[in-house]
file query-v5.cif (mmCIF, C-alpha atoms and all ligand atoms)
data_entry
loop_
_atom_site.label_atom_id
_atom_site.label_comp_id
_atom_site.auth_asym_id
_atom_site.auth_seq_id
_atom_site.Cartn_x
_atom_site.Cartn_y
_atom_site.Cartn_z
CA MET A 1 2.21 8.23 -3.17
CA LYS A 2 5.76 7.79 -4.43
CA LEU A 3 8.13 9.09 -1.82
CA ALA A 4 11.89 8.67 -2.24
CA LEU A 5 13.33 5.97 0.00
CA HIS A 6 15.51 8.34 1.99
CA TRP A 7 12.50 10.46 2.89
CA LYS A 8 10.64 7.38 4.02
CA ILE A 9 13.63 6.50 6.21
CA VAL A 10 13.68 10.00 7.68
CA ILE A 11 9.96 9.73 8.46
CA GLY A 12 10.49 6.28 10.01
CA MET A 13 13.25 7.72 12.12
CA LEU A 14 11.28 10.74 13.32
CA LEU A 15 8.23 8.62 14.12
CA GLY A 16 10.47 6.14 15.95
CA VAL A 17 11.94 8.93 18.06
CA VAL A 18 8.54 10.46 18.84
CA VAL A 19 6.89 7.16 19.77
CA GLY A 20 10.00 6.08 21.69
CA LEU A 21 10.08 9.30 23.68
CA ALA A 22 6.37 9.04 24.41
CA LEU A 23 6.86 5.53 25.77
CA TYR A 24 9.89 6.70 27.75
CA GLU A 25 7.85 9.49 29.36
CA LEU A 26 5.02 7.09 30.04
CA ARG A 27 7.33 4.66 31.77
CA GLU A 28 9.41 7.20 33.66
CA HIS A 29 6.80 9.64 34.87
CA ILE A 30 3.24 8.59 34.33
CA ALA A 31 3.05 4.88 34.75
CA SER A 32 6.09 4.00 36.83
CA ALA A 33 3.82 2.54 39.51
CA ALA A 34 1.62 0.75 37.00
CA ALA A 35 4.70 -0.62 35.26
CA ASP A 36 5.09 -3.14 38.03
CA SER A 37 1.69 -4.66 37.40
CA PRO A 38 1.79 -7.97 35.49
CA ALA A 39 -0.81 -6.80 32.95
CA PHE A 40 1.29 -3.76 32.07
CA ALA A 41 4.41 -5.88 31.78
CA ARG A 42 2.63 -8.39 29.55
CA ALA A 43 1.25 -5.66 27.28
CA GLY A 44 4.72 -4.14 27.13
CA ALA A 45 6.30 -7.46 26.21
CA ILE A 46 3.78 -8.08 23.42
CA ALA A 47 4.28 -4.58 22.00
CA ASP A 48 8.03 -4.99 22.26
CA GLY A 49 7.96 -8.35 20.48
CA THR A 50 5.74 -7.09 17.66
CA ILE A 51 7.77 -3.98 17.14
CA GLN A 52 11.06 -5.84 17.15
CA PHE A 53 9.84 -8.39 14.62
CA VAL A 54 10.44 -6.20 11.56
CA GLY A 55 13.68 -4.84 12.97
CA GLN A 56 15.07 -8.30 13.61
CA ILE A 57 14.15 -9.51 10.13
CA PHE A 58 15.99 -6.52 8.70
CA LEU A 59 19.10 -7.15 10.79
CA ARG A 60 19.13 -10.81 9.87
CA ALA A 61 18.73 -9.92 6.19
CA LEU A 62 21.83 -7.73 6.43
CA GLN A 63 23.79 -10.51 8.07
CA PHE A 64 22.60 -12.99 5.50
CA ILE A 65 23.80 -10.88 2.57
CA ALA A 66 27.18 -9.84 3.97
CA VAL A 67 29.28 -12.98 3.62
CA PRO A 68 28.21 -14.11 0.13
CA ILE A 69 28.38 -10.63 -1.36
CA VAL A 70 31.96 -10.09 -0.20
CA PHE A 71 32.95 -13.54 -1.38
CA PHE A 72 31.44 -13.45 -4.85
CA SER A 73 32.24 -9.84 -5.61
CA LEU A 74 35.88 -10.46 -4.72
CA ILE A 75 36.11 -13.51 -6.96
CA MET A 76 34.61 -11.37 -9.70
CA GLY A 77 36.78 -8.35 -8.98
CA ALA A 78 40.05 -10.27 -8.80
CA ALA A 79 39.23 -12.34 -11.86
CA SER A 80 38.28 -9.33 -13.95
CA LEU A 81 41.54 -7.55 -13.12
CA GLY A 82 43.21 -10.17 -15.24
CA ASP A 83 46.49 -11.96 -14.79
CA PRO A 84 48.33 -10.30 -11.88
CA ARG A 85 51.62 -10.75 -13.76
CA LYS A 86 50.17 -8.60 -16.52
CA LEU A 87 48.50 -6.10 -14.21
CA GLY A 88 51.40 -3.81 -14.80
CA LYS A 89 52.68 -0.76 -13.07
CA ILE A 90 49.52 1.29 -13.27
CA GLY A 91 47.58 -1.57 -11.67
CA LEU A 92 50.00 -1.88 -8.80
CA GLN A 93 50.11 1.88 -8.26
CA THR A 94 46.33 2.04 -8.18
CA VAL A 95 45.96 -0.82 -5.72
CA ALA A 96 48.71 0.66 -3.51
CA ILE A 97 47.05 4.10 -3.43
CA TYR A 98 43.66 2.60 -2.71
CA PHE A 99 45.01 0.49 0.13
CA CYS A 100 47.02 3.28 1.75
CA THR A 101 44.30 5.94 1.51
CA CYS A 102 41.82 3.53 3.05
CA VAL A 103 44.08 2.63 5.97
CA VAL A 104 44.69 6.32 6.66
CA ALA A 105 40.95 7.06 6.46
CA VAL A 106 40.02 4.38 9.02
CA THR A 107 42.85 5.54 11.25
CA ILE A 108 41.50 9.10 11.14
CA GLY A 109 38.07 7.75 12.09
CA LEU A 110 39.45 5.73 14.99
CA ALA A 111 41.56 8.62 16.26
CA LEU A 112 38.52 10.89 16.28
CA ALA A 113 36.35 8.26 17.96
CA ASN A 114 39.01 7.83 20.66
CA ALA A 115 39.31 11.58 21.16
CA ILE A 116 35.63 12.56 21.03
CA LYS A 117 34.24 9.35 22.55
CA PRO A 118 30.74 9.77 21.09
CA GLY A 119 29.52 6.55 22.71
CA LYS A 120 30.32 7.85 26.18
CA SER A 121 27.95 10.77 25.75
CA VAL A 122 25.11 8.42 26.59
CA PRO A 123 23.98 9.24 30.15
CA GLU A 124 25.55 7.08 32.85
CA LYS A 125 22.25 5.45 33.83
CA THR A 126 21.58 4.37 30.26
CA ARG A 127 25.11 3.07 29.86
CA VAL A 128 24.75 0.91 32.93
CA GLU A 129 21.50 -0.49 31.54
CA LEU A 130 23.12 -1.16 28.21
CA MET A 131 26.13 -2.80 29.81
CA GLU A 132 23.84 -5.08 31.77
CA LYS A 133 21.95 -5.97 28.62
CA TYR A 134 25.11 -6.78 26.70
CA ALA A 135 27.03 -8.19 29.66
CA GLY A 136 27.67 -11.43 27.78
CA ALA A 137 29.34 -9.71 24.84
CA VAL A 138 31.34 -7.43 27.11
CA ASP A 139 32.63 -10.35 29.18
CA LYS A 140 33.52 -12.27 26.07
CA SER A 141 35.40 -9.33 24.65
CA LYS A 142 37.28 -8.87 27.92
CA ALA A 143 38.13 -12.56 27.98
CA ASP A 144 39.35 -12.37 24.40
CA VAL A 145 41.59 -9.47 25.31
CA SER A 146 43.03 -10.70 28.58
CA GLY A 147 42.80 -14.48 28.12
CA VAL A 148 44.32 -14.93 24.73
CA LYS A 149 46.62 -11.99 24.26
CA LYS A 150 47.37 -12.42 20.61
CA PRO A 151 50.56 -10.92 19.23
CA ILE A 152 50.07 -8.96 16.03
CA TRP A 153 51.85 -11.50 13.85
CA GLN A 154 49.36 -14.11 15.06
CA THR A 155 46.50 -11.88 13.89
CA VAL A 156 48.16 -11.78 10.47
CA VAL A 157 48.71 -15.55 10.44
CA ASP A 158 45.05 -16.08 11.34
CA ILE A 159 43.99 -14.28 8.18
CA VAL A 160 44.97 -17.35 6.18
CA PRO A 161 42.07 -19.78 6.49
CA LYS A 162 42.85 -23.36 7.42
CA ASN A 163 39.45 -24.38 6.21
CA PRO A 164 37.89 -21.79 3.91
CA PHE A 165 34.42 -23.27 4.31
CA ASN A 166 34.68 -22.75 8.04
CA ALA A 167 35.57 -19.15 7.33
CA LEU A 168 32.39 -18.74 5.29
CA ALA A 169 30.24 -20.52 7.85
CA ASN A 170 31.59 -18.49 10.78
CA ALA A 171 31.67 -15.19 8.87
CA ASN A 172 35.37 -14.78 9.57
CA MET A 173 35.60 -11.89 7.23
CA LEU A 174 39.33 -11.44 6.81
CA GLN A 175 39.57 -15.11 5.90
CA VAL A 176 36.62 -14.80 3.53
CA VAL A 177 38.41 -11.91 1.81
CA VAL A 178 41.57 -13.99 1.42
CA PHE A 179 39.53 -16.93 0.13
CA GLY A 180 37.67 -14.82 -2.46
CA LEU A 181 40.80 -13.02 -3.64
CA ALA A 182 42.81 -16.24 -3.87
CA ILE A 183 40.16 -17.98 -5.95
CA GLY A 184 39.73 -14.90 -8.13
CA VAL A 185 43.45 -14.57 -8.81
CA ALA A 186 43.85 -18.31 -9.37
CA LEU A 187 41.05 -18.22 -11.93
CA THR A 188 43.12 -15.80 -14.00
CA MET A 189 45.91 -18.34 -14.14
CA ILE A 190 43.97 -21.17 -15.73
CA PRO A 191 42.75 -21.27 -19.34
CA LYS A 192 40.04 -18.68 -20.00
CA HIS A 193 37.42 -21.15 -21.19
CA LYS A 194 37.73 -23.10 -17.95
CA ALA A 195 37.49 -20.06 -15.70
CA ALA A 196 34.64 -18.42 -17.60
CA PRO A 197 31.69 -20.36 -16.09
CA ILE A 198 32.81 -19.68 -12.50
CA VAL A 199 33.42 -16.01 -13.22
CA ALA A 200 29.99 -15.80 -14.85
CA ILE A 201 28.38 -17.43 -11.80
CA ALA A 202 30.19 -15.08 -9.43
CA ASP A 203 29.15 -12.13 -11.60
CA ALA A 204 25.50 -13.16 -11.63
CA LEU A 205 25.44 -13.85 -7.91
CA THR A 206 27.08 -10.52 -7.11
CA GLU A 207 24.41 -8.77 -9.11
CA ALA A 208 21.63 -10.81 -7.54
CA LEU A 209 22.94 -10.09 -4.04
CA ALA A 210 23.07 -6.38 -4.83
CA LYS A 211 19.39 -6.69 -5.73
CA LEU A 212 18.79 -8.31 -2.33
CA VAL A 213 20.45 -5.35 -0.62
CA GLN A 214 18.00 -3.11 -2.44
CA ALA A 215 15.13 -5.38 -1.45
CA ALA A 216 16.22 -5.27 2.19
CA LEU A 217 16.31 -1.49 1.97
CA VAL A 218 12.64 -1.43 1.04
CA ILE A 219 11.81 -2.47 4.58
CA ALA A 220 14.42 -0.10 6.03
CA PRO A 221 11.96 2.72 6.89
CA TYR A 222 9.85 0.30 8.93
CA ALA A 223 12.92 -1.35 10.40
CA VAL A 224 14.30 2.03 11.42
CA PHE A 225 11.06 2.74 13.22
CA ALA A 226 10.89 -0.71 14.79
CA LEU A 227 14.48 -0.67 15.97
CA LEU A 228 14.44 2.90 17.22
CA VAL A 229 11.27 2.74 19.31
CA PRO A 230 12.61 0.30 21.93
CA VAL A 231 16.02 1.99 21.94
CA VAL A 232 14.62 5.47 22.54
CA ALA A 233 11.95 4.15 24.92
CA THR A 234 14.62 2.74 27.22
CA MET A 235 17.33 5.33 26.74
CA GLY A 236 15.29 8.53 26.47
CA TYR A 237 16.76 11.84 25.41
CA GLY A 238 20.35 10.83 26.05
CA ILE A 239 20.48 8.60 23.00
CA ILE A 240 19.54 11.47 20.72
CA GLN A 241 22.43 13.51 22.04
CA ALA A 242 24.78 10.54 21.62
CA LEU A 243 23.62 10.00 18.06
CA ALA A 244 24.25 13.65 17.26
CA MET A 245 27.81 13.27 18.58
CA TYR A 246 28.25 10.15 16.49
CA VAL A 247 27.04 11.87 13.31
CA LEU A 248 29.34 14.80 14.01
CA THR A 249 32.32 12.51 14.53
CA VAL A 250 31.74 10.71 11.22
CA VAL A 251 31.15 13.95 9.29
CA LEU A 252 34.22 15.57 10.83
CA GLY A 253 36.28 12.50 9.89
CA LEU A 254 35.00 12.58 6.31
CA ALA A 255 35.84 16.28 6.06
CA LEU A 256 39.36 15.60 7.34
CA VAL A 257 39.81 12.89 4.72
CA ILE A 258 38.83 15.26 1.92
CA PHE A 259 40.60 18.39 3.10
CA VAL A 260 43.66 16.99 4.86
CA GLU A 261 44.37 13.51 3.49
CA TYR A 262 43.23 14.07 -0.09
CA GLY A 263 44.34 17.70 0.12
CA PHE A 264 47.87 16.51 0.81
CA LEU A 265 47.86 13.99 -2.03
CA ILE A 266 46.35 16.44 -4.51
CA HIS A 267 48.61 19.27 -3.56
CA ILE A 268 51.90 17.54 -2.88
CA LEU A 269 51.81 14.45 -5.09
CA ALA A 270 49.61 15.58 -7.97
CA ARG A 271 50.50 19.27 -7.77
CA VAL A 272 46.95 20.35 -8.52
CA SER A 273 45.24 22.98 -6.38
CA LEU A 274 42.59 21.58 -4.06
CA PRO A 275 39.94 24.22 -4.94
CA ARG A 276 40.39 23.44 -8.65
CA PHE A 277 40.13 19.74 -7.93
CA LEU A 278 37.00 20.11 -5.82
CA LYS A 279 35.35 22.44 -8.32
CA ALA A 280 35.99 19.94 -11.09
CA MET A 281 34.55 17.09 -9.06
CA ALA A 282 31.49 18.95 -7.75
CA PRO A 283 28.95 17.41 -10.17
CA ALA A 284 30.05 13.88 -9.21
CA GLN A 285 30.04 14.74 -5.52
CA LEU A 286 26.53 16.16 -5.70
CA LEU A 287 25.27 13.10 -7.49
CA ALA A 288 27.04 10.86 -4.98
CA PHE A 289 25.33 12.72 -2.17
CA SER A 290 21.88 12.45 -3.68
CA SER A 291 22.16 8.87 -4.97
CA SER A 292 24.23 7.31 -2.15
CA SER A 293 25.82 5.13 -4.79
CA SER A 294 29.36 5.21 -6.17
CA ASN A 295 28.30 2.80 -8.91
CA ALA A 296 25.44 4.99 -10.06
CA THR A 297 27.75 8.01 -9.97
CA LEU A 298 30.55 6.30 -11.92
CA PRO A 299 29.73 7.68 -15.38
CA VAL A 300 29.66 11.22 -14.01
CA THR A 301 32.82 10.65 -11.97
CA MET A 302 34.61 9.57 -15.13
CA GLN A 303 33.33 12.55 -17.09
CA CYS A 304 34.58 14.89 -14.37
CA VAL A 305 37.97 13.20 -14.15
CA LYS A 306 38.47 13.12 -17.91
CA HIS A 307 37.12 16.47 -18.98
CA ARG A 308 36.99 18.77 -15.99
CA LEU A 309 40.25 17.60 -14.42
CA GLY A 310 41.94 16.46 -17.61
CA VAL A 311 43.20 12.96 -16.87
CA SER A 312 43.76 10.68 -19.88
CA ASP A 313 41.12 8.14 -20.94
CA GLU A 314 43.59 5.31 -20.42
CA ILE A 315 44.07 6.06 -16.72
CA THR A 316 40.47 7.07 -16.00
CA ASP A 317 38.98 3.98 -17.65
CA PHE A 318 41.05 1.73 -15.43
CA VAL A 319 41.29 3.62 -12.12
CA CYS A 320 37.72 4.88 -11.67
CA PRO A 321 35.70 1.69 -12.31
CA LEU A 322 38.09 -0.27 -10.11
CA GLY A 323 37.78 2.40 -7.41
CA ALA A 324 33.98 2.30 -7.46
CA THR A 325 34.27 -1.38 -6.51
CA ILE A 326 37.23 -1.56 -4.15
CA ASN A 327 38.01 1.95 -2.94
CA LEU A 328 35.46 3.11 -0.38
CA ASP A 329 37.45 5.25 2.05
CA GLY A 330 34.39 7.02 3.40
CA THR A 331 32.68 3.72 4.12
CA ALA A 332 35.74 2.33 5.88
CA LEU A 333 36.06 5.42 8.07
CA TYR A 334 32.40 5.27 8.96
CA GLN A 335 32.70 1.61 9.92
CA GLY A 336 35.60 2.41 12.22
CA VAL A 337 33.71 5.17 13.99
CA ALA A 338 30.47 3.15 14.19
CA THR A 339 32.26 0.18 15.73
CA MET A 340 33.95 2.37 18.33
CA PHE A 341 30.68 4.17 19.05
CA ILE A 342 28.73 0.99 19.72
CA ALA A 343 31.60 -0.50 21.73
CA GLN A 344 31.85 2.64 23.88
CA MET A 345 28.11 2.63 24.44
CA VAL A 346 27.93 -0.92 25.72
CA GLY A 347 31.14 -0.54 27.72
CA ILE A 348 33.58 -2.59 25.65
CA ASP A 349 37.08 -1.13 25.71
CA LEU A 350 38.82 -1.95 22.46
CA ASN A 351 42.58 -2.20 22.86
CA LEU A 352 45.21 -1.38 20.27
CA THR A 353 45.27 -4.84 18.70
CA GLN A 354 41.50 -4.82 18.37
CA GLN A 355 41.60 -1.37 16.81
CA LEU A 356 44.21 -2.62 14.35
CA THR A 357 41.84 -5.47 13.55
CA ILE A 358 39.19 -2.84 12.80
CA VAL A 359 41.59 -1.06 10.42
CA LEU A 360 42.39 -4.30 8.65
CA THR A 361 38.84 -5.65 8.55
CA ALA A 362 37.29 -2.38 7.41
CA THR A 363 39.94 -1.91 4.72
CA LEU A 364 39.57 -5.45 3.41
CA ALA A 365 35.78 -5.58 3.80
CA THR A 366 35.39 -2.50 1.61
CA LEU A 367 37.17 -4.42 -1.16
CA GLY A 368 34.07 -6.55 -1.36
CA THR A 369 31.55 -3.81 -0.66
CA PRO A 370 29.57 -2.83 -3.75
CA GLY A 371 29.10 0.90 -4.28
CA ILE A 372 25.37 0.85 -3.75
CA PRO A 373 23.16 2.51 -1.12
CA GLY A 374 23.27 0.87 2.29
CA ALA A 375 26.12 -1.55 1.50
CA GLY A 376 28.28 -0.02 4.23
CA ILE A 377 25.91 -1.03 7.00
CA VAL A 378 25.74 -4.59 5.67
CA MET A 379 29.51 -4.80 5.95
CA LEU A 380 29.48 -3.12 9.33
CA VAL A 381 28.07 -6.34 10.74
CA ILE A 382 31.32 -8.00 9.76
CA VAL A 383 33.57 -5.39 11.31
CA LEU A 384 31.56 -5.55 14.53
CA GLN A 385 31.83 -9.31 14.65
CA SER A 386 35.58 -9.19 14.08
CA VAL A 387 36.10 -7.50 17.44
CA GLY A 388 33.19 -9.03 19.35
CA VAL A 389 30.95 -5.94 19.46
CA PRO A 390 27.25 -6.94 19.49
CA ALA A 391 25.65 -6.52 16.04
CA GLU A 392 22.40 -5.48 17.73
CA GLY A 393 24.09 -2.12 18.28
CA ILE A 394 23.23 -1.39 14.66
CA ALA A 395 19.69 -0.72 15.91
CA VAL A 396 20.93 2.46 17.52
CA ILE A 397 22.66 3.90 14.47
CA LEU A 398 20.34 2.69 11.74
CA GLY A 399 18.14 5.77 11.97
CA VAL A 400 20.92 8.13 10.92
CA ASP A 401 22.58 5.76 8.50
CA ARG A 402 21.08 7.11 5.31
CA LEU A 403 22.34 10.59 6.02
CA LEU A 404 25.83 9.26 6.69
CA ASP A 405 25.60 7.05 3.60
CA MET A 406 25.05 10.15 1.48
CA CYS A 407 28.07 11.85 3.07
CA ARG A 408 30.44 8.87 2.91
CA THR A 409 29.60 8.25 -0.74
CA ILE A 410 30.99 11.72 -1.56
CA VAL A 411 34.32 10.63 -0.09
CA ASN A 412 34.19 7.26 -1.86
CA VAL A 413 33.79 8.96 -5.22
CA THR A 414 36.34 11.68 -4.53
CA GLY A 415 38.95 9.09 -3.54
CA ASP A 416 38.82 7.52 -7.01
CA ALA A 417 39.46 10.88 -8.64
CA VAL A 418 42.37 11.54 -6.26
CA ALA A 419 44.03 8.30 -7.32
CA SER A 420 43.47 9.17 -10.99
CA VAL A 421 45.24 12.55 -10.81
CA VAL A 422 48.08 11.23 -8.67
CA ILE A 423 48.75 8.41 -11.13
CA ALA A 424 48.50 10.79 -14.08
CA ARG A 425 51.17 12.95 -12.44
CA TRP A 426 53.38 9.93 -11.65
CA ARG A 427 53.22 8.94 -15.30
CA GLY A 428 54.18 12.43 -16.36
CA GLU A 429 50.91 13.10 -18.15
CA PRO A 430 49.56 16.66 -18.42
CA ILE A 431 46.54 17.42 -16.22
CA THR A 432 44.67 20.13 -18.06
CA PRO A 433 40.92 20.34 -18.55
CA ARG A 434 39.72 19.31 -21.99
CA PRO A 435 36.10 20.35 -22.27
CA SER A 436 34.01 18.49 -24.78
CA ALA A 437 30.49 18.98 -26.09
CA SER A 438 29.17 16.34 -23.73
CA THR A 439 30.91 17.72 -20.64
CA LEU A 440 28.76 18.38 -17.63
N1 LIG B 1 26.70 3.91 -0.53
C1 LIG B 1 28.10 3.74 -0.53
C2 LIG B 1 28.64 3.85 -1.94
O1 LIG B 1 27.93 3.58 -2.87
C3 LIG B 1 28.53 2.46 0.10
C4 LIG B 1 28.11 2.46 1.54
O2 LIG B 1 26.98 2.09 1.86
O3 LIG B 1 28.91 2.89 2.38
O4 LIG B 1 29.76 4.22 -2.15
#
call {"tool": "encode", "arguments": {"input": "query-v5.cif", "output": "C-alpha cells"}}
result
Amino acid sequence: MKLALHWKIVIGMLLGVVVGLALYELREHIASAAADSPAFARAGAIADGTIQFVGQIFLRALQFIAVPIVFFSLIMGAASLGDPRKLGKIGLQTVAIYFCTCVVAVTIGLALANAIKPGKSVPEKTRVELMEKYAGAVDKSKADVSGVKKPIWQTVVDIVPKNPFNALANANMLQVVVFGLAIGVALTMIPKHKAAPIVAIADALTEALAKLVQAALVIAPYAVFALLVPVVATMGYGIIQALAMYVLTVVLGLALVIFVEYGFLIHILARVSLPRFLKAMAPAQLLAFSSSSSNATLPVTMQCVKHRLGVSDEITDFVCPLGATINLDGTALYQGVATMFIAQMVGIDLNLTQQLTIVLTATLATLGTPGIPGAGIVMLVIVLQSVGVPAEGIAVILGVDRLLDMCRTIVNVTGDAVASVVIARWRGEPITPRPSASTL
C-alpha cells in the first residue's frame, strides 16, 4: 500500500503516543510493585534498547548530514551568485532583505517562547526527571554562562575560524558557514575554468546530500515511533500538553511573521494591500503546505509572483530562486522556538547572549538549509549544539515536526515573494497583475 510519507509519520506518532501511554499506565498504576523486580527491569531495558535503536540511527543520520550539507551548499550558493563586485544593487538589496526578515522572524519566535514558555508546561515531576537525566548538559551550559562570560564582540570574533577543518570536525556551525561562504566567494574571483571543477563537486555533493535527507526521512515514521514511546512512557500525559503548547507557539509565531512582519513590508514598503498579496500567493502557499518543500514549490512561486502579483521577470528570476535556497524565515523561527522549548524542558536557562547566538546561528544556518522536506530539523541539531542544549531533545518534538514543516514552508515561500515586491517597488517598477495563458 502506497501511503504518503506524512501520513506514515502521523501514524507512527499516534502509535508512539498510544504505546507510550500504555507503558506509562503500566508502570505507574499496574506494575509499580513489579517494576522493582530484576526480571521486569531487565525486560524493560531490552525493550528500551530495541526501541531506541531505530531512533538513535535516525538522529545520528541527521547529525551526519548537517555539517556537509551546509558547507557544500554554501560553496555552491556563493559561487553561483557570481562575482560579488558584479552582484549589483539588486543583489545587495535582496541579501539585505533576506537577512533582516530572518533576524526579525527568529526574534519573534524567541520573544514568544520567552513569553509563553511552552517547555515549562511539562509537569514539575517530569521536569525534575528530565533535569536529572540531562544534568550533565545543564551543568555544562551553566558553566559556559557563568564561567566564561563572553562579551558579544568575542562571540563575533569567534565566528572567524582559526582552523576551518576544526570547525568542520566540531560542527561549529557559524564557523562552517563562514568557511563555506569564504570559499564560495573566493572561487568567483579566480579564473572560471579553475573554479569550475570545485563548484561542480560542491553541486553534486549538495544534491547527493539532499538525497540522503530524503533517505533518512524514509525511516522517519519508525523513528518517530521509536523516539516517542520512551518519551511518553516516562513523561505521561504532560508531554502531550507541552507539545501542544509548542506547536501553538510555532504556529502563532509563523502567523505573526506573515500578518505583522510581512504585512508591514508589503503595506508600507511595497504599497500593495496584504489581502491582494495573499490572494495572489495562495496557490504557492497551498503547494508549500502540501509538499513541505520550497524548492518543489519554486516554479509555482515564480508564476504567482510574475503573473498574479505582477513583478518583472528580471527581478523574479533572481530573487525567488535565491530565496528558495537562502531565505527560510519560517524555518529559522521554528528553530528558535524549538531550541527554547527543549532548553526550558530540561531546565537550561538561556541568557541574552545565548539567545543572540540562536538568532545568529539560525539565520546563518538557514543560508545552507536546502528547501526540502525535513531539512529544518537537520539544521536544528546545529542550533541546539551552538548553545549546549542536548540534541536528544529532538526526540520529543520529532513527532509533530512534519506538521510544523508544512506550516513553516508556507512562510519560507511567502518571504521570497515579499522580497520580490519590495524590490520591484524600490526600483520603481509597476506591480500590476499580468495574466497569461499559463497562469495558475
Ligand atoms: N521544508 C522546508 C522548506 O522546504 C525546510 C524545513 O525543513 O524547514 O522550505
call {"tool": "closest_atom_pairs", "arguments": {"input": "query-v5.cif", "of": "chain A", "to": "ligand LIG 1 (chain B)", "cutoff": "8 Å", "atoms": "all atoms listed in the file", "output": "CSV"}}
result
residue,atom,partner,partner_atom,distance
A:Ala288,CA,B:LIG1,O1,7.6
A:Ser292,CA,B:LIG1,N1,4.5
A:Ser293,CA,B:LIG1,O1,3.2
A:Ser294,CA,B:LIG1,O1,3.9
A:Asn295,CA,B:LIG1,O1,6.1
A:Ala296,CA,B:LIG1,O1,7.7
A:Ala324,CA,B:LIG1,O4,7.0
A:Leu328,CA,B:LIG1,O4,6.1
A:Gly330,CA,B:LIG1,O3,6.9
A:Thr331,CA,B:LIG1,O3,4.2
A:Ala332,CA,B:LIG1,O3,7.7
A:Tyr334,CA,B:LIG1,O3,7.8
A:Thr369,CA,B:LIG1,C3,7.0
A:Pro370,CA,B:LIG1,C3,6.6
A:Gly371,CA,B:LIG1,O1,3.2
A:Ile372,CA,B:LIG1,O1,3.8
A:Pro373,CA,B:LIG1,N1,3.9
A:Gly374,CA,B:LIG1,O2,3.9
A:Ala375,CA,B:LIG1,O2,3.8
A:Gly376,CA,B:LIG1,O2,3.4
A:Ile377,CA,B:LIG1,O2,6.1
A:Val378,CA,B:LIG1,O2,7.8
A:Asp405,CA,B:LIG1,N1,5.3
A:Met406,CA,B:LIG1,N1,6.8
A:Arg408,CA,B:LIG1,O3,6.2
A:Thr409,CA,B:LIG1,O4,4.3
A:Ile410,CA,B:LIG1,O4,7.6
A:Asn412,CA,B:LIG1,O4,5.4
A:Val413,CA,B:LIG1,O4,6.9
call {"tool": "residues_around", "arguments": {"input": "query-v5.cif", "residues": "Tyr237 (chain A)", "least_positions_apart": "4", "cutoff": "8 Å", "atoms": "only C-alpha atoms", "output": "count of residues only"}}
result
3
call {"tool": "atom_distance", "arguments": {"input": "query-v5.cif", "atom1": "CA of Val128 (chain A)", "atom2": "CA of Ala343 (chain A)"}}
result
13.2 Å
call {"tool": "closest_residue", "arguments": {"input": "query-v5.cif", "among": "A:Leu252, A:Ala204, A:Ala223, A:Cys102", "to": "Asn327 (chain A)", "atoms": "all atoms listed in the file"}}
result
A:Cys102
call {"tool": "residues_near_point", "arguments": {"input": "query-v5.cif", "point": "(45.2, 16.3, -0.4)", "cutoff": "10 Å", "atoms": "only C-alpha atoms", "output": "number ranges by chain"}}
result
A: 256-274, 277, 418
call {"tool": "residues_around", "arguments": {"input": "query-v5.cif", "residues": "region 171-185 of chain A", "least_positions_apart": "2", "cutoff": "6 Å", "atoms": "all atoms listed in the file", "output": "number ranges by chain"}}
result
A: 71, 74-75, 78-79, 159-161, 167-169, 187-188
call {"tool": "atom_distance", "arguments": {"input": "query-v5.cif", "atom1": "CA of Phe53 (chain A)", "atom2": "CA of Val70 (chain A)"}}
result
26.7 Å
call {"tool": "closest_residue", "arguments": {"input": "query-v5.cif", "among": "A:Val400, A:Val381, A:Ala96, A:Met281", "to": "Gly336 (chain A)", "atoms": "only C-alpha atoms"}}
result
A:Val381
call {"tool": "atom_distance", "arguments": {"input": "query-v5.cif", "atom1": "CA of Leu228 (chain A)", "atom2": "CA of Val17 (chain A)"}}
result
6.6 Å
call {"tool": "closest_residue", "arguments": {"input": "query-v5.cif", "among": "A:Ser80, A:Thr339, A:Thr206, A:Asn163", "to": "Glu392 (chain A)", "atoms": "all atoms listed in the file"}}
result
A:Thr339
call {"tool": "residues_around", "arguments": {"input": "query-v5.cif", "residues": "region 89-91 of chain A", "least_positions_apart": "3", "cutoff": "8 Å", "atoms": "only C-alpha atoms", "output": "ChimeraX atom specification"}}
result
/A:94-95,423
call {"tool": "closest_residue", "arguments": {"input": "query-v5.cif", "among": "A:Thr432, A:Thr366, A:Thr353, A:Thr234", "to": "Val156 (chain A)", "atoms": "all atoms listed in the file"}}
result
A:Thr353
call {"tool": "closest_residue", "arguments": {"input": "query-v5.cif", "among": "A:Arg276, A:His307, A:Arg402, A:Arg127", "to": "Val10 (chain A)", "atoms": "all atoms listed in the file"}}
result
A:Arg402
call {"tool": "axis_aligned_box", "arguments": {"input": "query-v5.cif", "around": "region 110-113 of chain A", "padding_each_side": "6 Å", "output": "AutoDock Vina command-line options"}}
result
--center_x 39.0 --center_y 8.3 --center_z 16.5 --size_x 17.2 --size_y 17.2 --size_z 15.0
call {"tool": "closest_residue", "arguments": {"input": "query-v5.cif", "among": "A:Val103, A:Ala111, A:Ile219, A:Ser73", "to": "Ile201 (chain A)", "atoms": "only C-alpha atoms"}}
result
A:Ser73
call {"tool": "residues_around", "arguments": {"input": "query-v5.cif", "residues": "Val218 (chain A)", "least_positions_apart": "5", "cutoff": "10 Å", "atoms": "only C-alpha atoms", "output": "MDAnalysis selection string"}}
result
chainID A and resid 5 8:9 58 212:213 223
call {"tool": "residues_around", "arguments": {"input": "query-v5.cif", "residues": "Met340 (chain A)", "least_positions_apart": "3", "cutoff": "10 Å", "atoms": "only C-alpha atoms", "output": "ChimeraX atom specification"}}
result
/A:109-110,112-114,117-119,246,334-337,343-345,348-350,355,358,384,389
